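Engineer: Okay, so here is protein_4.cif, and as you'll see once you scroll down, it has mmCIF, C-alpha atoms.
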```cif
data_start
#
loop_
_atom_site.label_atom_id
_atom_site.label_comp_id
_atom_site.auth_asym_id
_atom_site.auth_seq_id
_atom_site.Cartn_x
_atom_site.Cartn_y
_atom_site.Cartn_z
CA SER A 195 5.78 23.84 75.92
CA LEU A 196 8.80 22.38 77.68
CA ILE A 197 6.93 19.17 78.47
CA GLY A 198 6.01 18.79 74.78
CA ILE A 199 9.62 19.29 73.74
CA LEU A 200 10.88 16.80 76.31
CA SER A 201 8.26 14.22 75.41
CA TRP A 202 9.23 14.65 71.74
CA ARG A 203 12.82 13.72 72.58
CA ILE A 204 11.98 10.54 74.49
CA ARG A 205 9.82 9.03 71.79
CA SER A 206 11.14 6.61 69.20
CA PRO A 207 11.60 7.80 65.60
CA ASP A 208 8.50 5.86 64.54
CA GLU A 209 6.43 7.43 67.32
CA ARG A 210 7.65 10.90 66.33
CA ARG A 211 6.79 10.26 62.68
CA HIS A 212 3.31 9.04 63.62
CA MET A 213 2.79 12.13 65.79
CA TRP A 214 3.90 14.35 62.90
CA VAL A 215 1.59 12.60 60.43
CA ARG A 216 -1.38 12.78 62.82
CA HIS A 217 -0.71 16.50 63.19
CA ILE A 218 -0.62 17.34 59.47
CA ILE A 219 -3.28 15.10 57.94
CA PRO A 220 -6.38 16.91 56.74
CA ARG A 221 -9.67 16.32 58.51
CA THR A 222 -12.17 18.88 57.19
CA PRO A 223 -13.23 19.59 53.61
CA ALA A 224 -11.32 22.90 53.72
CA GLN A 225 -8.18 21.10 54.92
CA TRP A 226 -8.60 18.53 52.14
CA GLY A 227 -8.80 21.36 49.62
CA LEU A 228 -5.56 22.78 50.98
CA TRP A 229 -3.97 19.30 50.95
CA LEU A 230 -4.86 18.82 47.28
CA ALA A 231 -3.53 22.29 46.41
CA ALA A 232 -0.31 21.67 48.38
CA SER A 233 0.11 18.28 46.69
CA ALA A 234 -0.26 19.86 43.25
CA ALA A 235 2.15 22.65 44.18
CA ALA A 236 4.68 20.12 45.49
CA GLY A 237 4.43 18.11 42.29
CA VAL A 238 5.08 21.14 40.12
CA SER A 239 7.72 22.84 42.26
CA GLU A 240 9.70 19.79 43.33
CA GLU A 241 9.78 18.25 39.87
CA THR A 242 10.82 21.57 38.36
CA THR A 243 13.55 21.94 40.97
CA TYR A 244 14.94 18.41 41.12
CA ARG A 245 14.15 16.81 37.74
CA GLY A 246 14.11 20.00 35.69
CA VAL A 247 16.86 22.24 37.06
CA LEU A 248 19.10 20.49 39.59
CA VAL A 249 19.71 17.40 37.49
CA VAL A 250 20.78 19.60 34.56
CA LEU A 251 23.12 21.67 36.75
CA LEU A 252 24.64 18.60 38.39
CA SER A 253 24.95 16.76 35.08
CA SER A 254 26.79 19.73 33.63
CA ALA A 255 29.03 20.08 36.69
CA THR A 256 29.93 16.37 36.72
CA ALA A 257 29.84 15.83 32.94
CA SER A 258 27.61 12.81 33.57
CA PHE A 259 23.83 12.58 33.40
CA ALA A 260 23.84 9.43 35.55
CA VAL A 261 25.85 11.12 38.31
CA GLY A 262 23.69 14.22 38.08
CA ALA A 263 20.51 12.13 38.37
CA LEU A 264 21.88 10.18 41.35
CA LEU A 265 23.00 13.35 43.14
CA SER A 266 19.71 15.09 42.45
CA ALA A 267 17.79 12.07 43.77
CA GLY A 268 20.03 12.06 46.84
CA VAL A 269 19.34 15.71 47.59
CA PHE A 270 15.62 15.15 47.01
CA ALA A 271 15.67 12.25 49.47
CA LEU A 272 17.58 14.26 52.08
CA VAL A 273 15.13 17.15 52.03
CA HIS A 274 12.42 14.59 52.82
CA TYR A 275 14.33 13.40 55.91
CA PRO A 276 11.77 14.95 58.30
CA GLN A 277 9.39 12.22 57.10
CA GLY A 278 11.68 9.70 58.81
CA THR A 279 14.79 7.74 58.01
CA LYS A 280 12.78 4.86 56.55
CA SER A 281 11.27 7.26 54.04
CA VAL A 282 14.62 8.52 52.75
CA ALA A 283 15.41 5.31 50.84
CA LEU A 284 11.89 5.13 49.42
CA VAL A 285 11.99 8.79 48.36
CA PHE A 286 15.40 8.21 46.72
CA ALA A 287 13.93 5.32 44.69
CA ILE A 288 10.86 7.38 43.77
CA ALA A 289 13.15 10.20 42.62
CA LEU A 290 15.02 7.83 40.33
CA VAL A 291 11.75 6.51 38.91
CA LEU A 292 10.49 10.05 38.30
CA GLN A 293 13.79 10.93 36.61
CA ALA A 294 13.36 7.88 34.39
CA VAL A 295 9.81 9.03 33.57
CA VAL A 296 11.17 12.43 32.50
CA SER A 297 13.97 10.82 30.49
CA VAL A 298 11.67 8.36 28.71
CA THR A 299 8.79 10.76 28.01
CA GLY A 300 10.91 13.86 27.50
CA ALA A 301 8.24 15.72 29.45
CA LEU A 302 8.56 17.13 32.94
CA TYR A 303 4.80 17.56 33.31
CA VAL A 304 4.25 13.77 33.38
CA ALA A 305 6.46 13.52 36.48
CA MET A 306 4.65 16.53 37.97
CA VAL A 307 1.29 14.80 37.63
CA VAL A 308 2.60 11.49 38.98
CA HIS A 309 4.22 13.28 41.94
CA ALA A 310 1.07 15.30 42.72
CA LEU A 311 -1.16 12.23 42.54
CA TYR A 312 1.24 10.28 44.77
CA ASP A 313 1.16 13.03 47.40
CA MET A 314 -2.63 13.28 47.22
CA LEU A 315 -3.03 9.53 47.68
CA ALA A 316 -0.49 9.53 50.50
CA GLY A 317 -2.75 11.98 52.34
CA VAL A 318 -5.75 9.69 51.88
CA ARG A 319 -3.74 6.70 53.08
CA ALA A 320 -2.42 8.58 56.10
CA ALA A 321 -5.89 9.82 57.03
CA ARG A 322 -7.23 6.30 56.98
CA ARG A 323 -4.29 4.86 58.86
CA PHE A 324 -3.62 7.43 61.55
CA ALA A 325 -6.75 9.45 62.10
CA ASP A 326 -9.63 7.07 61.57
CA VAL A 327 -11.00 9.71 59.20
CA ASP A 328 -12.76 8.73 56.02
CA PRO A 329 -11.23 11.19 53.53
CA VAL A 330 -13.93 10.51 50.98
CA ALA A 331 -16.72 11.36 53.44
CA ALA A 332 -14.91 14.39 54.93
#
```
Is it possible to give me this structure as structure tokens?
Structural biologist:
Amino acid sequence: SLIGILSWRIRSPDERRHMWVRHIIPRTPAQWGLWLAASAAAGVSEETTYRGVLVVLLSSATASFAVGALLSAGVFALVHYPQGTKSVALVFAIALVLQAVVSVTGALYVAMVVHALYDMLAGVRAARRFADVDPVAA
């Protein structure tokens, strides 16, 4: 509605982020099942895309793994911009840590699992913080 759109524009970035989080957090057992599936899918797809493919392409294009990893982390952070500007720096740091995990272990699946678990736990944290929902009891 027009009123919803206008009220969205007059809120602060933090208020908009809180509204967004309250809207997407799972509340029912079925929603939690979807959240866990989406978290697993994000872990697999995003790690494949950013730590598996993009970093290789950018490293080849720039002739530098370090530059490729930084650019890949930057793109990863930017696509998470809808989570809020405060999140972009955190996501950038997480991307670098996940790239280090892949580099040290030589295995992309380790980063996939870490990413999926992080997203799952973020849902639990958000549910407790913003919705007064006990995710364990749901």
Engineer: Which residues, named as in the file, does the PyMOL selection byres ((chain A and resi 227-236) around 10) pick out? Answer as a count of residues only.
Structural biologist: 28
Engineer: Just the number, please: distance in Å from atom CA of A:Ala260 to atom CA of A:Leu290, one decimal.
Structural biologist: 10.2 Å
Engineer: If you measure from atom CA of A:Gln293 to atom CA of A:Tyr244, what distance in Å do you get, rounded to one decimal?
Structural biologist: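 These atoms are spaced 8.8 Å apart.
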Engineer: With all atoms listed in the file as the basis for distance, which of A:Arg245, A:Lys280, A:Arg319, A:His274 is at the shortest distance from A:Gly300?
Structural biologist: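 Of all the options, A:Arg245 lies closest to A:Gly300.
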Engineer: Could you please determine the separation between atom CA of A:Ala263 and atom CA of A:Val249 in Å, to one decimal place?
Structural biologist: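 Between atom CA of A:Ala263 and atom CA of A:Val249 the gap works out to 5.4 Å.
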